[in-house]
$ cat run_34.txt   # compact mmCIF, C-alpha atoms
# COMPACT_ATOMS: atom_id res chain seq x y z
CA MET A 9 25.01 1.55 -12.77
CA ALA A 10 25.43 -1.93 -11.46
CA VAL A 11 25.89 -2.19 -7.73
CA PRO A 12 28.20 -5.13 -6.98
CA GLU A 13 31.31 -4.81 -4.81
CA HIS A 14 33.88 -2.24 -5.90
CA SER A 15 37.35 -1.53 -4.61
CA ALA A 16 39.39 0.84 -6.77
CA ALA A 17 40.63 4.23 -5.58
CA VAL A 18 38.64 7.41 -6.17
CA THR A 19 40.02 10.66 -7.54
CA GLY A 20 38.40 13.77 -8.95
CA ALA A 21 34.88 13.91 -10.34
CA ASP A 22 35.75 13.76 -14.02
CA GLY A 23 39.19 12.15 -13.93
CA PRO A 24 41.75 11.90 -16.72
CA GLU A 25 41.05 10.26 -20.07
CA PRO A 26 43.28 7.29 -20.87
CA ALA A 27 46.32 8.16 -22.94
CA ALA A 28 46.16 7.13 -26.59
CA ASP A 29 49.00 4.62 -26.25
CA GLU A 30 47.21 3.00 -23.28
CA PHE A 31 43.95 2.51 -25.10
CA ILE A 32 43.67 -1.28 -25.34
CA LEU A 33 40.35 -2.93 -26.16
CA ASP A 34 39.14 -6.00 -24.29
CA PRO A 35 38.29 -8.71 -26.87
CA ARG A 36 35.40 -9.91 -24.69
CA LEU A 37 33.60 -6.61 -25.20
CA GLY A 38 32.08 -4.73 -28.13
CA GLY A 39 29.53 -7.23 -29.43
CA MET A 40 26.65 -4.78 -28.96
CA VAL A 41 28.27 -1.53 -30.11
CA PRO A 42 26.18 0.30 -32.75
CA ALA A 43 27.46 0.12 -36.32
CA PRO A 44 29.74 3.09 -37.16
CA GLU A 45 27.43 4.26 -39.95
CA VAL A 46 24.55 4.95 -37.53
CA ILE A 47 26.63 7.04 -35.10
CA PRO A 48 26.74 10.65 -36.37
CA ASN A 49 30.15 12.28 -36.32
CA GLY A 50 31.10 15.91 -36.78
CA VAL A 51 27.96 17.30 -35.12
CA LEU A 52 29.80 18.61 -32.05
CA PRO A 53 30.66 21.16 -30.83
CA THR A 54 27.57 23.37 -31.12
CA ASP A 55 26.65 26.67 -29.57
CA ARG A 56 25.31 24.70 -26.56
CA LEU A 57 27.49 21.61 -26.33
CA LEU A 58 31.26 21.11 -26.25
CA ALA A 59 33.15 18.61 -28.40
CA ASN A 60 33.00 16.00 -25.61
CA GLY A 61 29.21 16.30 -25.35
CA LYS A 62 29.14 18.25 -22.09
CA ALA A 63 27.16 21.48 -22.09
CA ILE A 64 28.87 24.86 -22.32
CA PRO A 65 29.63 26.29 -18.84
CA GLU A 66 26.51 28.43 -18.39
CA ILE A 67 24.14 25.63 -19.45
CA ARG A 68 26.15 23.03 -17.55
CA ALA A 69 25.85 25.07 -14.36
CA GLU A 70 22.07 25.01 -14.70
CA LEU A 71 21.98 21.28 -15.46
CA ARG A 72 24.20 20.55 -12.45
CA LYS A 73 22.00 22.34 -9.89
CA ILE A 74 21.14 19.96 -7.06
CA PRO A 75 17.50 20.14 -5.82
CA ASP A 76 18.14 19.71 -2.09
CA LEU A 77 14.51 19.99 -0.95
CA ARG A 78 13.21 17.65 -3.62
CA ASN A 79 15.84 15.06 -2.75
CA ALA A 80 15.15 15.34 0.99
CA VAL A 81 11.44 14.74 0.37
CA THR A 82 12.26 11.85 -1.98
CA VAL A 83 14.46 10.10 0.60
CA ALA A 84 11.90 10.63 3.40
CA TRP A 85 9.04 9.39 1.21
CA LEU A 86 10.96 6.27 0.24
CA TRP A 87 11.43 5.36 3.90
CA ILE A 88 7.77 6.10 4.71
CA GLU A 89 6.62 4.04 1.71
CA SER A 90 8.88 1.10 2.62
CA VAL A 91 7.74 0.98 6.26
CA ALA A 92 4.12 1.31 5.15
CA ILE A 93 4.44 -1.67 2.79
CA VAL A 94 5.76 -3.91 5.58
CA VAL A 95 3.15 -2.69 8.08
CA ALA A 96 0.32 -3.18 5.58
CA ALA A 97 1.45 -6.72 4.75
CA ALA A 98 1.69 -7.64 8.43
CA TRP A 99 -1.71 -6.11 9.18
CA LEU A 100 -3.45 -7.88 6.29
CA ALA A 101 -1.61 -11.13 7.08
CA HIS A 102 -2.72 -12.69 3.81
CA PRO A 103 -0.47 -14.70 1.44
CA VAL A 104 -1.33 -12.40 -1.47
CA ALA A 105 -0.41 -9.35 0.61
CA TYR A 106 2.98 -10.87 1.39
CA VAL A 107 3.63 -11.67 -2.27
CA VAL A 108 2.74 -8.11 -3.32
CA ALA A 109 4.87 -6.70 -0.50
CA PHE A 110 7.79 -8.92 -1.53
CA PHE A 111 7.80 -7.40 -5.03
CA LEU A 112 7.25 -3.87 -3.75
CA MET A 113 10.16 -4.22 -1.32
CA GLY A 114 12.32 -5.42 -4.22
CA ARG A 115 11.31 -2.21 -5.94
CA ALA A 116 12.20 -0.26 -2.78
CA LEU A 117 15.68 -1.79 -2.84
CA VAL A 118 16.09 -0.55 -6.39
CA ARG A 119 15.16 2.94 -5.26
CA PHE A 120 17.42 2.95 -2.21
CA ASN A 121 20.32 1.87 -4.43
CA ILE A 122 19.64 4.48 -7.08
CA LEU A 123 19.40 7.32 -4.60
CA GLY A 124 22.56 5.94 -2.99
CA HIS A 125 24.16 6.12 -6.43
CA GLU A 126 23.26 9.82 -6.54
CA ALA A 127 25.01 10.26 -3.20
CA VAL A 128 28.06 8.41 -4.53
CA HIS A 129 28.24 11.06 -7.26
CA ARG A 130 27.67 13.80 -4.67
CA THR A 131 24.61 14.96 -6.60
CA LEU A 132 22.07 14.24 -3.84
CA PHE A 133 22.77 17.25 -1.57
CA THR A 134 24.92 20.31 -2.07
CA ASN A 135 26.41 19.94 1.41
CA ARG A 136 28.95 17.11 1.11
CA ALA A 137 28.73 16.04 4.74
CA VAL A 138 24.94 15.75 4.50
CA ASN A 139 25.21 14.04 1.12
CA ASP A 140 27.58 11.37 2.45
CA PHE A 141 25.74 10.84 5.75
CA VAL A 142 22.41 10.29 4.00
CA GLY A 143 24.10 8.19 1.32
CA LYS A 144 25.66 5.89 3.90
CA TRP A 145 23.12 5.63 6.70
CA LEU A 146 19.76 6.20 5.01
CA LEU A 147 20.34 4.74 1.54
CA SER A 148 23.21 2.25 1.44
CA TYR A 149 24.17 0.33 4.57
CA HIS A 150 20.71 -1.06 5.26
CA ALA A 151 20.44 -1.90 1.52
CA TRP A 152 23.63 -4.02 1.73
CA VAL A 153 25.78 -1.53 -0.23
CA PRO A 154 29.36 -0.75 0.95
CA PHE A 155 29.06 2.95 0.16
CA GLU A 156 32.75 3.85 0.40
CA LEU A 157 33.95 0.88 -1.64
CA TYR A 158 31.22 1.38 -4.20
CA ARG A 159 32.21 5.02 -4.67
CA ARG A 160 35.85 4.12 -5.29
CA GLY A 161 35.07 1.50 -7.91
CA HIS A 162 32.25 3.44 -9.50
CA MET A 163 34.51 6.38 -10.22
CA ASP A 164 36.80 4.01 -12.12
CA HIS A 165 33.74 2.83 -14.06
CA HIS A 166 33.03 6.42 -15.13
CA ARG A 167 36.60 7.54 -15.63
CA ASP A 168 37.38 4.85 -18.20
CA GLU A 169 34.41 2.60 -19.00
CA MET A 170 35.58 -0.95 -19.83
CA GLY A 171 39.17 0.09 -19.13
CA PRO A 172 41.71 -1.88 -17.05
CA LYS A 173 40.20 -0.69 -13.74
CA GLU A 174 36.56 -1.24 -14.74
CA PRO A 175 35.07 -3.11 -11.75
CA ASP A 176 32.20 -4.67 -13.71
CA THR A 177 33.79 -5.99 -16.90
CA ALA A 178 32.66 -9.54 -16.12
CA LEU A 179 29.07 -8.32 -15.92
CA TYR A 180 29.20 -6.64 -19.35
CA ALA A 181 31.42 -9.09 -21.23
CA ASN A 182 30.72 -11.58 -24.04
CA TYR A 183 27.36 -10.17 -25.16
CA PRO A 184 25.41 -11.18 -27.11
CA ILE A 185 25.21 -14.45 -25.22
CA THR A 186 22.95 -17.39 -25.96
CA ARG A 187 19.40 -17.62 -24.64
CA ALA A 188 20.44 -20.62 -22.56
CA SER A 189 23.32 -18.69 -20.96
CA PHE A 190 21.08 -15.70 -20.29
CA ARG A 191 18.47 -17.96 -18.70
CA ARG A 192 21.08 -19.60 -16.46
CA LYS A 193 22.30 -16.21 -15.23
CA LEU A 194 18.77 -15.09 -14.35
CA ILE A 195 18.00 -18.38 -12.64
CA ARG A 196 21.12 -18.02 -10.48
CA ASP A 197 19.97 -14.52 -9.58
CA ALA A 198 16.34 -15.45 -8.91
CA THR A 199 17.20 -18.46 -6.75
CA GLY A 200 19.62 -16.60 -4.49
CA GLN A 201 22.82 -18.21 -5.81
CA SER A 202 24.27 -14.86 -6.91
CA GLY A 203 23.11 -13.24 -3.68
CA TRP A 204 24.84 -15.93 -1.64
CA LYS A 205 28.14 -15.19 -3.39
CA ILE A 206 27.75 -11.49 -2.57
CA LEU A 207 26.84 -12.29 1.03
CA LYS A 208 29.89 -14.54 1.43
CA GLY A 209 32.07 -11.71 0.10
CA LEU A 210 30.56 -9.37 2.68
CA LEU A 211 31.26 -11.86 5.47
CA ARG A 212 34.82 -12.30 4.24
CA GLY A 213 35.16 -8.54 4.47
CA LEU A 214 35.01 -8.89 8.25
CA ARG A 215 38.46 -10.53 8.14
CA ASN A 216 40.06 -7.67 6.17
CA ALA A 217 41.17 -4.59 8.12
CA ARG A 218 40.38 -2.29 5.17
CA THR A 219 36.86 -3.56 4.52
CA ARG A 220 35.91 -4.56 8.08
CA PRO A 221 34.46 -1.18 9.16
CA VAL A 222 31.94 -0.98 6.32
CA ALA A 223 31.09 -4.68 6.60
CA VAL A 224 30.37 -4.19 10.32
CA ARG A 225 28.11 -1.22 9.54
CA ILE A 226 26.13 -3.16 6.98
CA LEU A 227 25.71 -6.26 9.13
CA GLY A 228 25.05 -4.11 12.19
CA PHE A 229 22.25 -2.31 10.37
CA GLN A 230 20.73 -5.68 9.42
CA ALA A 231 20.88 -6.68 13.09
CA VAL A 232 19.02 -3.49 14.03
CA LEU A 233 16.31 -4.14 11.44
CA LEU A 234 15.95 -7.72 12.66
CA ALA A 235 15.81 -6.52 16.27
CA VAL A 236 13.03 -4.05 15.42
CA ALA A 237 11.04 -6.80 13.68
CA THR A 238 11.62 -9.10 16.66
CA ALA A 239 10.56 -6.40 19.12
CA VAL A 240 7.14 -6.18 17.45
CA GLY A 241 6.86 -9.96 17.47
CA ARG A 242 7.39 -10.49 13.76
CA PRO A 243 11.06 -11.39 13.12
CA GLU A 244 10.07 -13.21 9.90
CA LEU A 245 9.23 -9.86 8.30
CA TRP A 246 12.94 -9.06 8.01
CA LEU A 247 13.55 -12.39 6.30
CA LEU A 248 10.55 -12.36 3.96
CA LEU A 249 10.35 -8.68 3.07
CA TRP A 250 13.96 -7.52 3.25
CA PHE A 251 16.59 -10.24 3.12
CA LEU A 252 14.90 -12.47 0.53
CA PRO A 253 14.02 -9.63 -1.90
CA TRP A 254 17.67 -8.54 -1.73
CA MET A 255 18.92 -12.08 -2.30
CA THR A 256 16.64 -12.74 -5.27
CA LEU A 257 14.53 -10.02 -6.87
CA TRP A 258 17.11 -7.27 -6.48
CA ARG A 259 19.79 -9.42 -8.07
CA VAL A 260 17.60 -10.04 -11.14
CA VAL A 261 16.71 -6.36 -11.54
CA ASN A 262 20.28 -5.23 -10.99
CA ARG A 263 21.56 -7.54 -13.73
CA LEU A 264 18.80 -6.62 -16.19
CA ARG A 265 19.41 -2.91 -15.71
CA ALA A 266 23.20 -3.21 -15.75
CA ILE A 267 23.36 -5.09 -19.05
CA ALA A 268 20.80 -2.71 -20.52
CA GLU A 269 23.21 0.09 -19.64
CA HIS A 270 26.52 -1.43 -20.77
CA GLY A 271 26.15 -5.06 -21.87
CA GLY A 272 28.44 -5.78 -24.82
CA MET A 273 29.68 -2.21 -25.15
CA THR A 274 33.39 -1.37 -25.39
CA ARG A 275 36.12 0.96 -24.23
CA SER A 276 35.88 4.27 -26.07
CA LYS A 277 36.14 8.00 -25.60
CA ASP A 278 32.79 8.19 -27.42
CA ARG A 279 30.22 7.37 -24.75
CA ARG A 280 27.81 6.15 -27.43
CA GLN A 281 30.09 3.11 -27.68
CA THR A 282 30.28 2.56 -23.92
CA ALA A 283 26.61 2.96 -22.89
CA HIS A 284 23.28 2.02 -24.44
CA HIS A 285 20.30 4.32 -24.53
CA VAL A 286 16.82 2.83 -24.22
CA HIS A 287 13.58 4.68 -24.89
CA GLN A 288 11.92 5.29 -21.53
CA SER A 289 8.36 4.29 -20.67
CA TRP A 290 6.37 4.21 -17.46
CA PHE A 291 6.60 0.49 -16.63
CA PRO A 292 10.41 0.16 -16.41
CA ARG A 293 10.56 3.56 -14.76
CA PHE A 294 8.19 2.25 -12.07
CA TRP A 295 10.11 -0.98 -11.41
CA MET A 296 13.70 -0.62 -12.56
CA VAL A 297 14.85 2.87 -13.58
CA PRO A 298 13.07 5.42 -11.35
CA TYR A 299 14.16 8.98 -10.71
CA SER A 300 15.01 9.49 -14.43
CA VAL A 301 18.16 7.32 -14.25
CA GLY A 302 17.10 5.51 -17.43
CA TRP A 303 18.68 8.34 -19.43
CA HIS A 304 21.95 6.59 -18.78
CA LEU A 305 23.93 7.70 -21.82
CA ALA A 306 23.50 11.30 -20.71
CA HIS A 307 24.72 10.29 -17.24
CA HIS A 308 27.94 8.96 -18.76
CA VAL A 309 28.48 12.04 -20.89
CA ASP A 310 28.35 14.21 -17.75
CA MET A 311 28.18 12.33 -14.46
CA GLY A 312 27.84 15.59 -12.51
CA VAL A 313 24.27 16.13 -13.73
CA PRO A 314 21.72 15.10 -11.05
CA CYS A 315 19.27 12.39 -12.07
CA TRP A 316 16.33 14.78 -12.29
CA ASN A 317 18.07 16.75 -15.07
CA LEU A 318 19.25 13.80 -17.17
CA ARG A 319 16.24 13.89 -19.44
CA LYS A 320 16.77 17.60 -20.11
CA PHE A 321 20.44 16.96 -20.86
CA HIS A 322 19.53 14.02 -23.11
CA ASP A 323 17.23 16.33 -25.06
CA GLU A 324 20.20 18.64 -25.64
CA LEU A 325 22.19 15.71 -27.07
CA VAL A 326 19.27 14.82 -29.35
CA ALA A 327 18.79 18.43 -30.49
CA ALA A 328 22.48 18.57 -31.43
CA GLY A 329 22.09 15.45 -33.59
CA TRP A 330 24.56 13.49 -31.44
CA VAL A 331 21.89 11.02 -30.29
CA THR A 332 19.58 9.68 -33.00
CA ASP A 333 16.81 7.08 -33.19
CA GLN A 334 19.01 4.89 -35.41
CA TYR A 335 20.85 3.40 -32.45
CA VAL A 336 18.41 4.08 -29.60
CA TRP A 337 16.68 0.90 -28.42
CA PRO A 338 12.86 1.20 -28.58
CA ASN A 339 12.37 -0.63 -25.25
CA TYR A 340 14.19 -2.83 -22.75
CA ARG A 341 12.55 -6.02 -23.97
CA THR A 342 14.00 -5.57 -27.46
CA LEU A 343 17.47 -4.88 -26.05
CA TRP A 344 17.39 -7.92 -23.75
CA ARG A 345 16.35 -10.11 -26.69
CA ALA A 346 19.30 -8.78 -28.70
CA LEU A 347 21.65 -9.29 -25.75
CA SER A 348 20.58 -12.94 -25.60
CA ALA A 349 20.66 -13.60 -29.36
CA GLY A 350 24.12 -15.14 -29.44
CA GLU A 351 24.78 -18.19 -31.56
CA GLU A 352 24.64 -21.63 -29.98
CA PRO A 353 27.94 -23.53 -30.22
CA GLN A 354 27.95 -25.93 -33.12
CA PRO A 355 28.68 -29.62 -32.48
CA VAL A 356 32.10 -30.73 -33.68

$ encode --input "run_34.txt" --output "structure tokens"
Amino acid sequence: MAVPEHSAAVTGADGPEPAADEFILDPRLGGMVPAPEVIPNGVLPTDRLLANGKAIPEIRAELRKIPDLRNAVTVAWLWIESVAIVVAAAWLAHPVAYVVAFFLMGRALVRFNILGHEAVHRTLFTNRAVNDFVGKWLLSYHAWVPFELYRRGHMDHHRDEMGPKEPDTALYANYPITRASFRRKLIRDATGQSGWKILKGLLRGLRNARTRPVAVRILGFQAVLLAVATAVGRPELWLLLWFLPWMTLWRVVNRLRAIAEHGGMTRSKDRRQTAHHVHQSWFPRFWMVPYSVGWHLAHHVDMGVPCWNLRKFHDELVAAGWVTDQYVWPNYRTLWRALSAGEEPQPV
């Protein structure tokens, strides 16, 4: 669920599978796919799951129920929490308070983006107009996400992971990479170099008639936030506790989560070859994969299941024997080490 810039067209929720004669594998991908012998075959369908892993209609209907009230409270609380962090840091006016607030606002950006991702899938609110309004104006534009463009590209990501229209192939390709390469990527993220490239792309969007409206909304929202901070006499708060976390901390977290979801996987109709699954624990759920989105394999099996029900759906896949501990990563740290265990080039 990486959130860079996307541009492909959107169609229906599930979309067509690629035709067999169109199924071409990208040679840069596949270095982290589980060995065939650890992926159980022949376990589906069951009395609860279909051959493609989705639940039978009556169970699927239950899994796809959208909790409108819960989501409304979650969005409201995220805004209250974010404002409270900034206010508390300004009130304390201590260097340690600003450092803590910087990291907590990076975490808030993660949460805004993930709830925005729910809205992209139209699983945030049952009313589509409400879903899209909240997704755009309360979760995405202020968090630097071009909601409409992201939706178009993200549907291509789900329709045919690692296929010819995959918007994020470059992010997932060539794993496992070397430790040195991995370190360079994270340094570029942490020092704002990656963020600057994204920002320049957003500014270039002002010159394109198709992307100009969303670019204006995003930059306009930033101007409003800066104006509010200026009105209370603290314009630096926007820079220190919003812009800089987005330029640095958010870029690191977004990369770490994205490669933990799909790094080195390949194009396949079997989602176990397109998405990793990592055992979930409280620490990454606090910082990186809140709202149960860490059950990412289940999300790719049925992207119409709201985040709150992904764990329940994952349990169905485990009970059917389709997901087993043999290829589930025990934690994110182990997966990141494996993703950065590529061989150093040998001197000629």

$ closest_atom_pairs --input "run_34.txt" --of "region 64-146 of chain A" --to "region 305-309 of chain A" --cutoff "12 Å" --atoms "all atoms listed in the file" --output "tab-separated table"
residue	atom	partner	partner_atom	distance
A:Arg68	CA	A:Val309	CA	11.7
A:Leu71	CA	A:Ala306	CA	11.4
A:Arg72	CA	A:His307	CA	11.3
A:His125	CA	A:His307	CA	11.6
A:Glu126	CA	A:His307	CA	10.8
A:His129	CA	A:His307	CA	10.6
A:Thr131	CA	A:His307	CA	11.6

$ write_last_selection --input "run_34.txt" --atoms "C-alpha atoms" --output "tab-separated table (two decimals), in the frame of the given file"
chain	number	residue	atom	x	y	z
A	68	ARG	CA	26.15	23.03	-17.55
A	71	LEU	CA	21.98	21.28	-15.46
A	72	ARG	CA	24.20	20.55	-12.45
A	125	HIS	CA	24.16	6.12	-6.43
A	126	GLU	CA	23.26	9.82	-6.54
A	129	HIS	CA	28.24	11.06	-7.26
A	131	THR	CA	24.61	14.96	-6.60

$ closest_residue --input "run_34.txt" --among "A:Gly329, A:Gly209, A:Pro338, A:Gly350" --to "Thr54 (chain A)" --atoms "all atoms listed in the file"
A:Gly329

$ residues_around --input "run_34.txt" --residues "Val107 (chain A)" --least-positions-apart "2" --cutoff "12 Å" --atoms "all atoms listed in the file" --output "PyMOL selection string"
chain A and resi 93-94+97-98+100-105+109-114+248-249+252-253+257

$ residues_around --input "run_34.txt" --residues "region 319-326 of chain A" --least-positions-apart "6" --cutoff "10 Å" --atoms "all atoms listed in the file" --output "CSV table (one decimal) with C-alpha atoms, in the coordinates of the input"
chain,number,residue,atom,x,y,z
A,52,LEU,CA,29.8,18.6,-32.0
A,56,ARG,CA,25.3,24.7,-26.6
A,57,LEU,CA,27.5,21.6,-26.3
A,61,GLY,CA,29.2,16.3,-25.4
A,62,LYS,CA,29.1,18.2,-22.1
A,63,ALA,CA,27.2,21.5,-22.1
A,67,ILE,CA,24.1,25.6,-19.4
A,68,ARG,CA,26.2,23.0,-17.6
A,71,LEU,CA,22.0,21.3,-15.5
A,72,ARG,CA,24.2,20.6,-12.4
A,285,HIS,CA,20.3,4.3,-24.5
A,288,GLN,CA,11.9,5.3,-21.5
A,300,SER,CA,15.0,9.5,-14.4
A,301,VAL,CA,18.2,7.3,-14.2
A,302,GLY,CA,17.1,5.5,-17.4
A,303,TRP,CA,18.7,8.3,-19.4
A,304,HIS,CA,22.0,6.6,-18.8
A,305,LEU,CA,23.9,7.7,-21.8
A,306,ALA,CA,23.5,11.3,-20.7
A,307,HIS,CA,24.7,10.3,-17.2
A,309,VAL,CA,28.5,12.0,-20.9
A,310,ASP,CA,28.4,14.2,-17.8
A,313,VAL,CA,24.3,16.1,-13.7
A,332,THR,CA,19.6,9.7,-33.0
A,333,ASP,CA,16.8,7.1,-33.2

$ atom_distance --input "run_34.txt" --atom1 "CA of Val232 (chain A)" --atom2 "CA of Arg259 (chain A)"
22.9 Å

$ closest_residue --input "run_34.txt" --among "A:Arg130, A:Lys173, A:Arg280, A:Arg341" --to "Lys73 (chain A)" --atoms "all atoms listed in the file"
A:Arg130

$ axis_aligned_box --input "run_34.txt" --around "region 306-319 of chain A" --padding-each-side "3 Å" --output "JSON"
{"center_x": 22.4, "center_y": 12.9, "center_z": -16.0, "size_x": 18.2, "size_y": 13.8, "size_z": 15.8}

$ residues_around --input "run_34.txt" --residues "region 291-297 of chain A" --least-positions-apart "5" --cutoff "7 Å" --atoms "only C-alpha atoms" --output "MDAnalysis selection string"
chainID A and resid 115 118 261 265 302

$ write_last_selection --input "run_34.txt" --atoms "C-alpha atoms" --output "PDB file, in the frame of the given file"
ATOM      1  CA  ARG A 115      11.310  -2.210  -5.940  1.00  0.00           C
ATOM      2  CA  VAL A 118      16.090  -0.550  -6.390  1.00  0.00           C
ATOM      3  CA  VAL A 261      16.710  -6.360 -11.540  1.00  0.00           C
ATOM      4  CA  ARG A 265      19.410  -2.910 -15.710  1.00  0.00           C
ATOM      5  CA  GLY A 302      17.100   5.510 -17.430  1.00  0.00           C
TER       6      GLY A 302
END

$ closest_residue --input "run_34.txt" --among "A:Gln201, A:Thr282, A:Asn262, A:Gln334" --to "Leu117 (chain A)" --atoms "only C-alpha atoms"
A:Asn262

$ closest_residue --input "run_34.txt" --among "A:Trp85, A:Tyr299, A:Tyr149, A:Phe190" --to "Phe229 (chain A)" --atoms "all atoms listed in the file"
A:Tyr149

$ atom_distance --input "run_34.txt" --atom1 "CA of Pro44 (chain A)" --atom2 "CA of Leu343 (chain A)"
18.4 Å
